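S.K.: If it helps, the file is called my_file.pdb and holds PDB, C-alpha atoms, pLDDT in the B column:
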MODEL        1
ATOM      1  CA  MET A   1     -31.538-125.297  31.413  1.00 46.00           C
ATOM      2  CA  LYS A   2     -31.048-127.008  28.104  1.00 46.00           C
ATOM      3  CA  PRO A   3     -29.594-124.799  25.310  1.00 38.00           C
ATOM      4  CA  ARG A   4     -32.692-125.147  23.102  1.00 40.00           C
ATOM      5  CA  LEU A   5     -35.033-124.200  25.926  1.00 32.00           C
ATOM      6  CA  ALA A   6     -32.810-121.265  26.915  1.00 32.00           C
ATOM      7  CA  ALA A   7     -32.801-120.008  23.317  1.00 31.00           C
ATOM      8  CA  LEU A   8     -36.604-120.329  23.137  1.00 28.00           C
ATOM      9  CA  VAL A   9     -37.028-118.376  26.380  1.00 29.00           C
ATOM     10  CA  LEU A  10     -34.713-115.591  25.126  1.00 28.00           C
ATOM     11  CA  LEU A  11     -36.454-115.444  21.739  1.00 29.00           C
ATOM     12  CA  THR A  12     -39.891-115.272  23.378  1.00 30.00           C
ATOM     13  CA  ALA A  13     -38.761-112.495  25.703  1.00 33.00           C
ATOM     14  CA  ALA A  14     -37.229-110.501  22.829  1.00 35.00           C
ATOM     15  CA  CYS A  15     -40.345-110.795  20.678  1.00 38.00           C
ATOM     16  CA  SER A  16     -42.778-109.871  23.431  1.00 38.00           C
ATOM     17  CA  SER A  17     -40.965-106.904  24.946  1.00 40.00           C
ATOM     18  CA  GLY A  18     -41.484-104.334  22.141  1.00 45.00           C
ATOM     19  CA  ALA A  19     -44.971-102.855  22.581  1.00 46.00           C
ATOM     20  CA  ASP A  20     -45.078-103.088  26.382  1.00 53.00           C
ATOM     21  CA  ASP A  21     -41.725-101.313  26.743  1.00 64.00           C
ATOM     22  CA  LEU A  22     -43.007 -98.328  24.757  1.00 81.00           C
ATOM     23  CA  ALA A  23     -46.589 -98.273  26.043  1.00 92.00           C
ATOM     24  CA  PRO A  24     -47.446 -94.849  27.449  1.00 95.00           C
ATOM     25  CA  GLN A  25     -48.193 -94.931  31.164  1.00 95.00           C
ATOM     26  CA  PRO A  26     -51.904 -94.664  32.061  1.00 96.00           C
ATOM     27  CA  GLY A  27     -52.900 -91.678  34.191  1.00 96.00           C
ATOM     28  CA  THR A  28     -53.009 -87.908  34.094  1.00 96.00           C
ATOM     29  CA  TRP A  29     -50.849 -86.244  31.484  1.00 96.00           C
ATOM     30  CA  ALA A  30     -50.218 -82.569  30.739  1.00 93.00           C
ATOM     31  CA  PHE A  31     -49.583 -80.850  27.446  1.00 90.00           C
ATOM     32  CA  GLY A  32     -46.330 -78.928  27.563  1.00 87.00           C
ATOM     33  CA  ALA A  33     -45.008 -76.673  24.858  1.00 82.00           C
ATOM     34  CA  SER A  34     -47.049 -76.365  21.686  1.00 86.00           C
ATOM     35  CA  SER A  35     -46.698 -74.341  18.523  1.00 88.00           C
ATOM     36  CA  LEU A  36     -49.134 -73.628  15.696  1.00 87.00           C
ATOM     37  CA  VAL A  37     -47.873 -75.194  12.455  1.00 89.00           C
ATOM     38  CA  ASP A  38     -50.890 -74.940  10.096  1.00 90.00           C
ATOM     39  CA  ASN A  39     -53.951 -72.694  10.147  1.00 91.00           C
ATOM     40  CA  SER A  40     -56.648 -72.243   7.515  1.00 92.00           C
ATOM     41  CA  CYS A  41     -59.022 -70.783  10.121  1.00 91.00           C
ATOM     42  CA  GLY A  42     -57.422 -67.349  10.216  1.00 85.00           C
ATOM     43  CA  GLY A  43     -58.722 -64.955  12.811  1.00 72.00           C
ATOM     44  CA  ASP A  44     -57.146 -63.958  16.092  1.00 65.00           C
ATOM     45  CA  THR A  45     -57.477 -67.267  17.947  1.00 65.00           C
ATOM     46  CA  THR A  46     -57.758 -70.976  17.411  1.00 62.00           C
ATOM     47  CA  PRO A  47     -60.293 -72.479  19.804  1.00 57.00           C
ATOM     48  CA  THR A  48     -58.610 -75.683  21.008  1.00 61.00           C
ATOM     49  CA  GLU A  49     -54.869 -75.235  21.516  1.00 65.00           C
ATOM     50  CA  PRO A  50     -53.523 -78.351  23.273  1.00 70.00           C
ATOM     51  CA  THR A  51     -53.078 -77.129  26.853  1.00 73.00           C
ATOM     52  CA  GLY A  52     -53.836 -78.454  30.313  1.00 82.00           C
ATOM     53  CA  ASN A  53     -54.358 -82.008  31.465  1.00 90.00           C
ATOM     54  CA  PHE A  54     -55.767 -85.086  29.775  1.00 93.00           C
ATOM     55  CA  THR A  55     -56.275 -88.689  30.849  1.00 95.00           C
ATOM     56  CA  LEU A  56     -54.568 -91.544  29.061  1.00 96.00           C
ATOM     57  CA  ALA A  57     -55.925 -95.080  29.581  1.00 96.00           C
ATOM     58  CA  ALA A  58     -54.636 -98.413  28.282  1.00 96.00           C
ATOM     59  CA  THR A  59     -57.353-100.073  26.193  1.00 96.00           C
ATOM     60  CA  GLY A  60     -55.597-103.196  24.888  1.00 92.00           C
ATOM     61  CA  ASP A  61     -52.444-104.448  23.230  1.00 92.00           C
ATOM     62  CA  ALA A  62     -50.781-101.452  21.561  1.00 95.00           C
ATOM     63  CA  ALA A  63     -53.879 -99.310  22.161  1.00 97.00           C
ATOM     64  CA  PHE A  64     -54.845 -96.447  24.458  1.00 97.00           C
ATOM     65  CA  SER A  65     -57.450 -93.707  24.730  1.00 96.00           C
ATOM     66  CA  VAL A  66     -57.100 -89.980  25.351  1.00 94.00           C
ATOM     67  CA  LYS A  67     -59.807 -88.061  27.212  1.00 92.00           C
ATOM     68  CA  ASP A  68     -59.436 -84.290  27.179  1.00 89.00           C
ATOM     69  CA  PRO A  69     -61.855 -82.545  29.571  1.00 87.00           C
ATOM     70  CA  SER A  70     -62.660 -79.962  26.893  1.00 81.00           C
ATOM     71  CA  PHE A  71     -64.093 -82.675  24.592  1.00 83.00           C
ATOM     72  CA  THR A  72     -67.203 -84.770  25.091  1.00 84.00           C
ATOM     73  CA  ASP A  73     -65.778 -87.864  23.356  1.00 85.00           C
ATOM     74  CA  LEU A  74     -62.470 -89.631  23.849  1.00 89.00           C
ATOM     75  CA  LEU A  75     -59.895 -90.359  21.152  1.00 93.00           C
ATOM     76  CA  ALA A  76     -59.072 -94.012  20.408  1.00 95.00           C
ATOM     77  CA  CYS A  77     -55.359 -94.469  19.712  1.00 97.00           C
ATOM     78  CA  SER A  78     -52.964 -97.210  18.680  1.00 97.00           C
ATOM     79  CA  PHE A  79     -49.219 -97.520  18.414  1.00 97.00           C
ATOM     80  CA  ASP A  80     -46.690 -99.546  16.506  1.00 96.00           C
ATOM     81  CA  GLY A  81     -43.156 -99.322  17.825  1.00 94.00           C
ATOM     82  CA  ASP A  82     -42.675 -95.739  18.962  1.00 96.00           C
ATOM     83  CA  ALA A  83     -45.219 -94.236  16.500  1.00 97.00           C
ATOM     84  CA  PHE A  84     -48.770 -93.559  17.667  1.00 97.00           C
ATOM     85  CA  THR A  85     -51.909 -92.362  15.940  1.00 98.00           C
ATOM     86  CA  CYS A  86     -55.343 -91.320  17.129  1.00 96.00           C
ATOM     87  CA  PRO A  87     -57.412 -91.121  13.936  1.00 95.00           C
ATOM     88  CA  GLU A  88     -59.476 -87.992  13.500  1.00 92.00           C
ATOM     89  CA  SER A  89     -62.870 -88.287  15.161  1.00 90.00           C
ATOM     90  CA  ALA A  90     -65.595 -85.955  16.356  1.00 89.00           C
ATOM     91  CA  ALA A  91     -64.448 -84.816  19.789  1.00 87.00           C
ATOM     92  CA  GLU A  92     -67.244 -82.297  20.373  1.00 89.00           C
ATOM     93  CA  SER A  93     -70.227 -80.575  18.786  1.00 91.00           C
ATOM     94  CA  ASN A  94     -71.785 -77.404  20.128  1.00 90.00           C
ATOM     95  CA  LYS A  95     -73.669 -74.240  19.285  1.00 92.00           C
ATOM     96  CA  PRO A  96     -71.257 -71.306  19.731  1.00 91.00           C
ATOM     97  CA  GLU A  97     -74.293 -69.036  20.157  1.00 88.00           C
ATOM     98  CA  PRO A  98     -77.408 -70.786  21.526  1.00 90.00           C
ATOM     99  CA  SER A  99     -79.860 -68.520  19.692  1.00 90.00           C
ATOM    100  CA  VAL A 100     -78.526 -69.124  16.158  1.00 89.00           C
ATOM    101  CA  ASP A 101     -78.911 -72.017  13.715  1.00 96.00           C
ATOM    102  CA  ALA A 102     -75.304 -73.261  13.657  1.00 97.00           C
ATOM    103  CA  THR A 103     -73.707 -76.359  15.175  1.00 97.00           C
ATOM    104  CA  VAL A 104     -69.925 -76.619  15.032  1.00 95.00           C
ATOM    105  CA  THR A 105     -68.199 -80.013  15.170  1.00 94.00           C
ATOM    106  CA  TYR A 106     -64.571 -80.306  16.232  1.00 91.00           C
ATOM    107  CA  ASN A 107     -62.848 -83.282  14.585  1.00 93.00           C
ATOM    108  CA  VAL A 108     -59.572 -83.944  16.393  1.00 92.00           C
ATOM    109  CA  GLY A 109     -56.699 -86.310  15.636  1.00 94.00           C
ATOM    110  CA  LEU A 110     -53.299 -86.924  17.181  1.00 95.00           C
ATOM    111  CA  SER A 111     -50.168 -88.532  15.808  1.00 97.00           C
ATOM    112  CA  GLY A 112     -46.581 -88.653  16.909  1.00 97.00           C
ATOM    113  CA  THR A 113     -43.863 -90.445  18.799  1.00 97.00           C
ATOM    114  CA  ILE A 114     -43.805 -92.204  22.143  1.00 96.00           C
ATOM    115  CA  VAL A 115     -40.582 -90.773  23.521  1.00 96.00           C
ATOM    116  CA  GLY A 116     -40.874 -93.009  26.590  1.00 94.00           C
ATOM    117  CA  ALA A 117     -43.513 -94.391  28.937  1.00 95.00           C
ATOM    118  CA  THR A 118     -43.949 -90.891  30.402  1.00 96.00           C
ATOM    119  CA  GLU A 119     -43.439 -88.596  27.385  1.00 96.00           C
ATOM    120  CA  LEU A 120     -45.084 -88.052  23.991  1.00 96.00           C
ATOM    121  CA  SER A 121     -44.404 -85.622  21.167  1.00 97.00           C
ATOM    122  CA  GLY A 122     -46.584 -85.122  18.150  1.00 96.00           C
ATOM    123  CA  LYS A 123     -49.138 -83.143  16.213  1.00 95.00           C
ATOM    124  CA  GLN A 124     -52.763 -82.373  17.073  1.00 93.00           C
ATOM    125  CA  THR A 125     -54.969 -81.635  14.067  1.00 93.00           C
ATOM    126  CA  VAL A 126     -58.368 -79.993  14.391  1.00 91.00           C
ATOM    127  CA  GLU A 127     -60.984 -79.603  11.679  1.00 94.00           C
ATOM    128  CA  LEU A 128     -64.005 -77.419  12.372  1.00 94.00           C
ATOM    129  CA  THR A 129     -67.173 -78.030  10.371  1.00 96.00           C
ATOM    130  CA  CYS A 130     -70.519 -76.310  10.669  1.00 97.00           C
ATOM    131  CA  ALA A 131     -74.111 -77.266   9.961  1.00 97.00           C
ATOM    132  CA  GLY A 132     -76.949 -74.736   9.872  1.00 97.00           C
ATOM    133  CA  GLU A 133     -77.993 -71.444   8.325  1.00 96.00           C
ATOM    134  CA  SER A 134     -75.787 -69.206  10.496  1.00 96.00           C
ATOM    135  CA  CYS A 135     -72.307 -70.664  10.077  1.00 96.00           C
ATOM    136  CA  ASP A 136     -70.871 -67.248   9.174  1.00 94.00           C
ATOM    137  CA  LEU A 137     -72.088 -65.913  12.520  1.00 94.00           C
ATOM    138  CA  ALA A 138     -70.683 -68.988  14.294  1.00 93.00           C
ATOM    139  CA  ALA A 139     -67.292 -68.349  12.676  1.00 92.00           C
ATOM    140  CA  SER A 140     -67.387 -64.769  13.925  1.00 90.00           C
ATOM    141  CA  VAL A 141     -68.271 -65.870  17.474  1.00 90.00           C
ATOM    142  CA  LEU A 142     -65.366 -68.357  17.434  1.00 88.00           C
ATOM    143  CA  GLY A 143     -62.936 -65.736  16.094  1.00 87.00           C
ATOM    144  CA  VAL A 144     -62.171 -67.608  12.860  1.00 90.00           C
ATOM    145  CA  THR A 145     -62.519 -66.197   9.346  1.00 91.00           C
ATOM    146  CA  GLN A 146     -64.326 -69.168   7.805  1.00 91.00           C
ATOM    147  CA  LEU A 147     -65.967 -72.529   8.415  1.00 94.00           C
ATOM    148  CA  PRO A 148     -65.034 -75.199   7.611  1.00 96.00           C
ATOM    149  CA  CYS A 149     -61.369 -74.749   8.460  1.00 94.00           C
ATOM    150  CA  ALA A 150     -58.490 -76.667  10.004  1.00 94.00           C
ATOM    151  CA  TYR A 151     -55.351 -76.093  12.009  1.00 92.00           C
ATOM    152  CA  ALA A 152     -52.582 -78.119  13.659  1.00 92.00           C
ATOM    153  CA  TYR A 153     -50.227 -77.804  16.612  1.00 91.00           C
ATOM    154  CA  ASP A 154     -46.968 -79.587  17.345  1.00 93.00           C
ATOM    155  CA  PHE A 155     -46.925 -80.534  21.035  1.00 93.00           C
ATOM    156  CA  ASN A 156     -45.081 -82.280  23.843  1.00 94.00           C
ATOM    157  CA  ALA A 157     -46.835 -84.038  26.708  1.00 95.00           C
ATOM    158  CA  ALA A 158     -45.707 -85.803  29.892  1.00 96.00           C
ATOM    159  CA  THR A 159     -47.258 -87.616  32.831  1.00 94.00           C
ATOM    160  CA  HIS A 160     -48.042 -85.702  35.983  1.00 82.00           C
TER     161      HIS A 160
ENDMDL
END
Kindly transcribe the structure held in the file into structure tokens.

M.R.:
Amino acid sequence: MKPRLAALVLLTAACSSGADDLAPQPGTWAFGASSLVDNSCGGDTTPTEPTGNFTLAATGDAAFSVKDPSFTDLLACSFDGDAFTCPESAAESNKPEPSVDATVTYNVGLSGTIVGATELSGKQTVELTCAGESCDLAASVLGVTQLPCAYAYDFNAATH
């Protein structure tokens, strides 16, 4: 191989290997350890601690989606180098008590580091908002002191 062609091949390989090398592996993932780091919701519990399994799917160059079975909508994510972000979006809306006029929306976002193709670490943020006349009752049903409110967890996750 001629020296110029060899140099071009090496340069092309070096430039194209970054995102694919760090891309998280599609499939079933599980949240591992998590710890509450912020909480303006108060109360005894926070309703959506990152636990259990979720599905990660590749959606394009430097992009993936996260589907948590506890949410009706998936999170669209992107990464640059080893940093990823899933901008906050409405993951679910529901009525905590069917008979009252209150609909709570869970806005969820993720950000963090791709440790490797099979491991992530980061922060999950959740903002709860409420629409309706009975948001105080909805807060009580959810075990939080007020709506709207927000909280965040640091987490680790790995493929199954």

S.K.: So, with only C-alpha atoms as the atoms that count, which of A:Cys149, A:Cys77, A:Ala83, A:Leu128 lies closest to Ile114 of chain A?

M.R.: A:Ala83

S.K.: Which residue, A:Glu92, A:Glu119, A:Asp68, A:Glu97, has the smallest gap to Ala139 of chain A when you use all atoms listed in the file?

M.R.: A:Glu97

S.K.: Where does the PyMOL selection byres ((chain A and resi 75) around 6) land in this file, that is, which residues does it pick, as a PyMOL selection string?

M.R.: chain A and resi 65-66+74+76

S.K.: Any idea what's packed within 10 Å of Trp29 of chain A, counting all atoms listed in the file, ignoring anything in its chain fewer than 5 positions away? Could you give it as a ChimeraX atom specification?

M.R.: /A:52-56,66,68,118-120,157-160

S.K.: Taking all atoms listed in the file into account, which of A:Ser70, A:Thr28, A:Ser78, A:Thr113 comes nearest Asn94 of chain A?

M.R.: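 The answer is A:Ser70, which sits nearest to Asn94 of chain A.
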
S.K.: Go through A:Tyr106, A:Phe155, A:Phe64, A:Phe79 one by one, measure the shortest atom-to-atom distance of each to Ser35 of chain A using only C-alpha atoms, and give the residue with the smallest value.

M.R.: A:Phe155

S.K.: Restricting the calculation to all atoms listed in the file: of A:Gly122, A:Gly109, A:Pro98, A:Gly81, which residue gets closest to Ala62 of chain A?

M.R.: A:Gly81

S.K.: What is the atom CA of Leu22 of chain A to atom CA of Val115 of chain A distance in Å?

M.R.: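 Interatomic distance here is 8.0 Å.
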